[in-house]
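The next block is start-v4.pdb, given as PDB, C-alpha atoms, pLDDT in the B column.
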```
ATOM      1  CA  MET D 533     -29.111  14.018  34.268  1.00 71.00           C
ATOM      2  CA  LYS D 534     -25.382  14.444  34.202  1.00 84.00           C
ATOM      3  CA  GLU D 535     -23.843  15.479  30.945  1.00 85.00           C
ATOM      4  CA  LYS D 536     -21.272  13.437  29.018  1.00 87.00           C
ATOM      5  CA  ILE D 537     -21.778  10.160  30.924  1.00 91.00           C
ATOM      6  CA  HIS D 538     -24.531   8.588  28.807  1.00 89.00           C
ATOM      7  CA  PRO D 539     -23.673   6.721  25.610  1.00 89.00           C
ATOM      8  CA  GLU D 540     -24.955   8.005  22.302  1.00 90.00           C
ATOM      9  CA  TYR D 541     -27.842   6.132  20.724  1.00 89.00           C
ATOM     10  CA  TYR D 542     -27.950   5.635  16.984  1.00 91.00           C
ATOM     11  CA  ASP D 543     -30.573   4.376  14.585  1.00 94.00           C
ATOM     12  CA  CYS D 544     -29.426   0.813  14.062  1.00 93.00           C
ATOM     13  CA  THR D 545     -30.053  -1.885  11.486  1.00 93.00           C
ATOM     14  CA  ILE D 546     -29.637  -5.486  12.617  1.00 89.00           C
ATOM     15  CA  THR D 547     -29.291  -7.981   9.771  1.00 91.00           C
ATOM     16  CA  CYS D 548     -29.784 -11.711  10.330  1.00 88.00           C
ATOM     17  CA  ALA D 549     -28.134 -14.447   8.274  1.00 85.00           C
ATOM     18  CA  CYS D 550     -31.618 -15.513   7.103  1.00 85.00           C
ATOM     19  CA  GLY D 551     -32.157 -12.069   5.551  1.00 87.00           C
ATOM     20  CA  ASN D 552     -34.420 -10.588   8.211  1.00 87.00           C
ATOM     21  CA  VAL D 553     -33.745  -6.882   8.842  1.00 92.00           C
ATOM     22  CA  ILE D 554     -34.662  -5.248  12.152  1.00 89.00           C
ATOM     23  CA  LYS D 555     -34.535  -1.494  12.648  1.00 93.00           C
ATOM     24  CA  THR D 556     -34.033  -0.286  16.200  1.00 92.00           C
ATOM     25  CA  ARG D 557     -31.861   2.022  18.298  1.00 92.00           C
ATOM     26  CA  SER D 558     -28.615   0.990  19.941  1.00 92.00           C
ATOM     27  CA  THR D 559     -25.230   2.210  21.088  1.00 92.00           C
ATOM     28  CA  ARG D 560     -23.786   0.343  18.083  1.00 89.00           C
ATOM     29  CA  LYS D 561     -24.596   1.495  14.573  1.00 88.00           C
ATOM     30  CA  ASP D 562     -25.150  -1.516  12.304  1.00 90.00           C
ATOM     31  CA  PHE D 563     -24.378  -5.171  12.933  1.00 88.00           C
ATOM     32  CA  SER D 564     -25.336  -8.652  11.856  1.00 88.00           C
ATOM     33  CA  VAL D 565     -26.417 -11.714  13.814  1.00 86.00           C
ATOM     34  CA  GLU D 566     -26.442 -15.407  12.962  1.00 84.00           C
ATOM     35  CA  ILE D 567     -29.934 -16.217  14.223  1.00 83.00           C
ATOM     36  CA  CYS D 568     -33.044 -14.170  15.006  1.00 82.00           C
ATOM     37  CA  SER D 569     -36.584 -14.781  16.260  1.00 78.00           C
ATOM     38  CA  ASN D 570     -37.785 -15.432  12.696  1.00 80.00           C
ATOM     39  CA  CYS D 571     -35.409 -18.335  12.109  1.00 80.00           C
ATOM     40  CA  HIS D 572     -34.707 -19.676  15.628  1.00 74.00           C
ATOM     41  CA  PRO D 573     -36.250 -23.154  16.065  1.00 68.00           C
ATOM     42  CA  PHE D 574     -37.670 -22.330  19.509  1.00 67.00           C
ATOM     43  CA  PHE D 575     -39.717 -19.403  18.187  1.00 65.00           C
ATOM     44  CA  THR D 576     -40.735 -20.979  14.863  1.00 67.00           C
ATOM     45  CA  GLY D 577     -41.885 -24.292  16.364  1.00 69.00           C
ATOM     46  CA  LYS D 578     -39.743 -26.259  13.923  1.00 69.00           C
ATOM     47  CA  GLN D 579     -37.359 -27.614  16.512  1.00 62.00           C
ATOM     48  CA  LYS D 580     -36.038 -31.025  15.533  1.00 62.00           C
ATOM     49  CA  ILE D 581     -34.156 -33.678  17.411  1.00 60.00           C
ATOM     50  CA  ILE D 582     -31.081 -34.427  15.387  1.00 63.00           C
ATOM     51  CA  ASP D 583     -30.220 -38.075  15.843  1.00 59.00           C
ATOM     52  CA  THR D 584     -26.484 -38.239  15.387  1.00 65.00           C
ATOM     53  CA  ALA D 585     -25.205 -41.798  15.053  1.00 69.00           C
ATOM     54  CA  GLY D 586     -28.405 -43.348  16.446  1.00 74.00           C
ATOM     55  CA  ARG D 587     -28.100 -41.887  19.938  1.00 75.00           C
ATOM     56  CA  VAL D 588     -31.852 -41.678  20.494  1.00 73.00           C
ATOM     57  CA  ASP D 589     -32.340 -45.286  19.350  1.00 77.00           C
ATOM     58  CA  ARG D 590     -29.470 -46.450  21.532  1.00 79.00           C
ATOM     59  CA  PHE D 591     -30.993 -44.648  24.517  1.00 81.00           C
ATOM     60  CA  MET D 592     -34.399 -46.193  23.881  1.00 79.00           C
ATOM     61  CA  ARG D 593     -32.864 -49.676  23.560  1.00 80.00           C
ATOM     62  CA  LYS D 594     -30.949 -49.233  26.778  1.00 81.00           C
ATOM     63  CA  TYR D 595     -33.604 -47.583  28.950  1.00 82.00           C
ATOM     64  CA  GLY D 596     -36.898 -47.801  27.054  1.00 76.00           C
ATOM     65  CA  LYS D 597     -37.409 -51.565  27.366  1.00 66.00           C
ATOM     66  CA  ASN D 598     -36.748 -51.584  31.099  1.00 62.00           C
ATOM     67  CA  ARG D 599     -39.423 -48.993  31.723  1.00 59.00           C
ATOM     68  CA  LYS D 600     -42.005 -50.910  29.678  1.00 57.00           C
ATOM     69  CA  GLU D 601     -41.211 -54.109  31.561  1.00 60.00           C
ATOM     70  CA  GLU D 602     -41.468 -52.338  34.927  1.00 59.00           C
ATOM     71  CA  GLN D 603     -44.862 -50.870  33.995  1.00 61.00           C
ATOM     72  CA  LYS D 604     -46.164 -54.327  33.027  1.00 64.00           C
ATOM     73  CA  LYS D 605     -44.948 -55.843  36.298  1.00 63.00           C
ATOM     74  CA  SER D 606     -46.606 -53.131  38.398  1.00 61.00           C
ATOM     75  CA  GLN D 607     -50.030 -53.702  36.783  1.00 61.00           C
TER      76      GLN D 607
END
```

Rewrite the coordinates I just gave you, this time as structure tokens.
Amino acid sequence: MKEKIHPEYYDCTITCACGNVIKTRSTRKDFSVEICSNCHPFFTGKQKIIDTAGRVDRFMRKYGKNRKEEQKKSQ
């Protein structure tokens, strides 16, 4: 290995906004993140559809009825 071309690795503490602390090694010393695997909805299984201003209902009214009618006609 060549000398003086590799970055230095430090013991690192990553702190999440939820309070989770992860100890690892990195080229950065300590830093914080907004979201981690303990609080991310994809990993926790608590993912929710946020219905802002009735968008899901509006979609279902616009496209949901047509599909039900088409399925009835095809039977």

* Asked: Any idea what the distance is between CA of Ser564 in chain D and CA of Lys536 in chain D?
  ->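 Computing it gives 28.3 Å between the two atoms.
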
Practice problem: Provide the CA of Cys568 in chain D to CA of Asn552 in chain D distance in Å, to one decimal place. | Solution: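 So the two atoms, CA of Cys568 in chain D and CA of Asn552 in chain D, lie 7.8 Å apart.
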
### Message
Residue by residue, what does the PyMOL selection byres ((chain D and resi 549-551) around 9) grab here? Present the result as a PyMOL selection string.
### Response
chain D and resi 547-548+552-553+564-568+570-571

Kindly export the residues of the current selection with C-alpha atoms, as an mmCIF file, keeping the file's coordinate frame.
```cif
data_model
loop_
_atom_site.group_PDB
_atom_site.id
_atom_site.type_symbol
_atom_site.label_atom_id
_atom_site.label_comp_id
_atom_site.auth_asym_id
_atom_site.auth_seq_id
_atom_site.Cartn_x
_atom_site.Cartn_y
_atom_site.Cartn_z
ATOM 1 C CA THR D 547 -29.291 -7.981 9.771
ATOM 2 C CA CYS D 548 -29.784 -11.711 10.330
ATOM 3 C CA ASN D 552 -34.420 -10.588 8.211
ATOM 4 C CA VAL D 553 -33.745 -6.882 8.842
ATOM 5 C CA SER D 564 -25.336 -8.652 11.856
ATOM 6 C CA VAL D 565 -26.417 -11.714 13.814
ATOM 7 C CA GLU D 566 -26.442 -15.407 12.962
ATOM 8 C CA ILE D 567 -29.934 -16.217 14.223
ATOM 9 C CA CYS D 568 -33.044 -14.170 15.006
ATOM 10 C CA ASN D 570 -37.785 -15.432 12.696
ATOM 11 C CA CYS D 571 -35.409 -18.335 12.109
#
```

Q. Quick one, how far is CA of Ile537 in chain D from CA of Arg560 in chain D?
A.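 One can read the CA of Ile537 in chain D to CA of Arg560 in chain D distance as 16.3 Å.
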
### Query
Can you tell me, as a list in words, which residues sit within 8 Å of (-25.2, 5.5, 22.1) in the file's frame, using all atoms listed in the file?
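The requested residues, written out, are His538, Pro539, Glu540, Tyr541, Tyr542, Ser558, Thr559 and Arg560 of chain D.
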
Using all atoms listed in the file, the residue out of D:Gly586, D:Met533, D:Lys594, D:Ser569 with shortest distance to Ile554 in chain D is D:Ser569
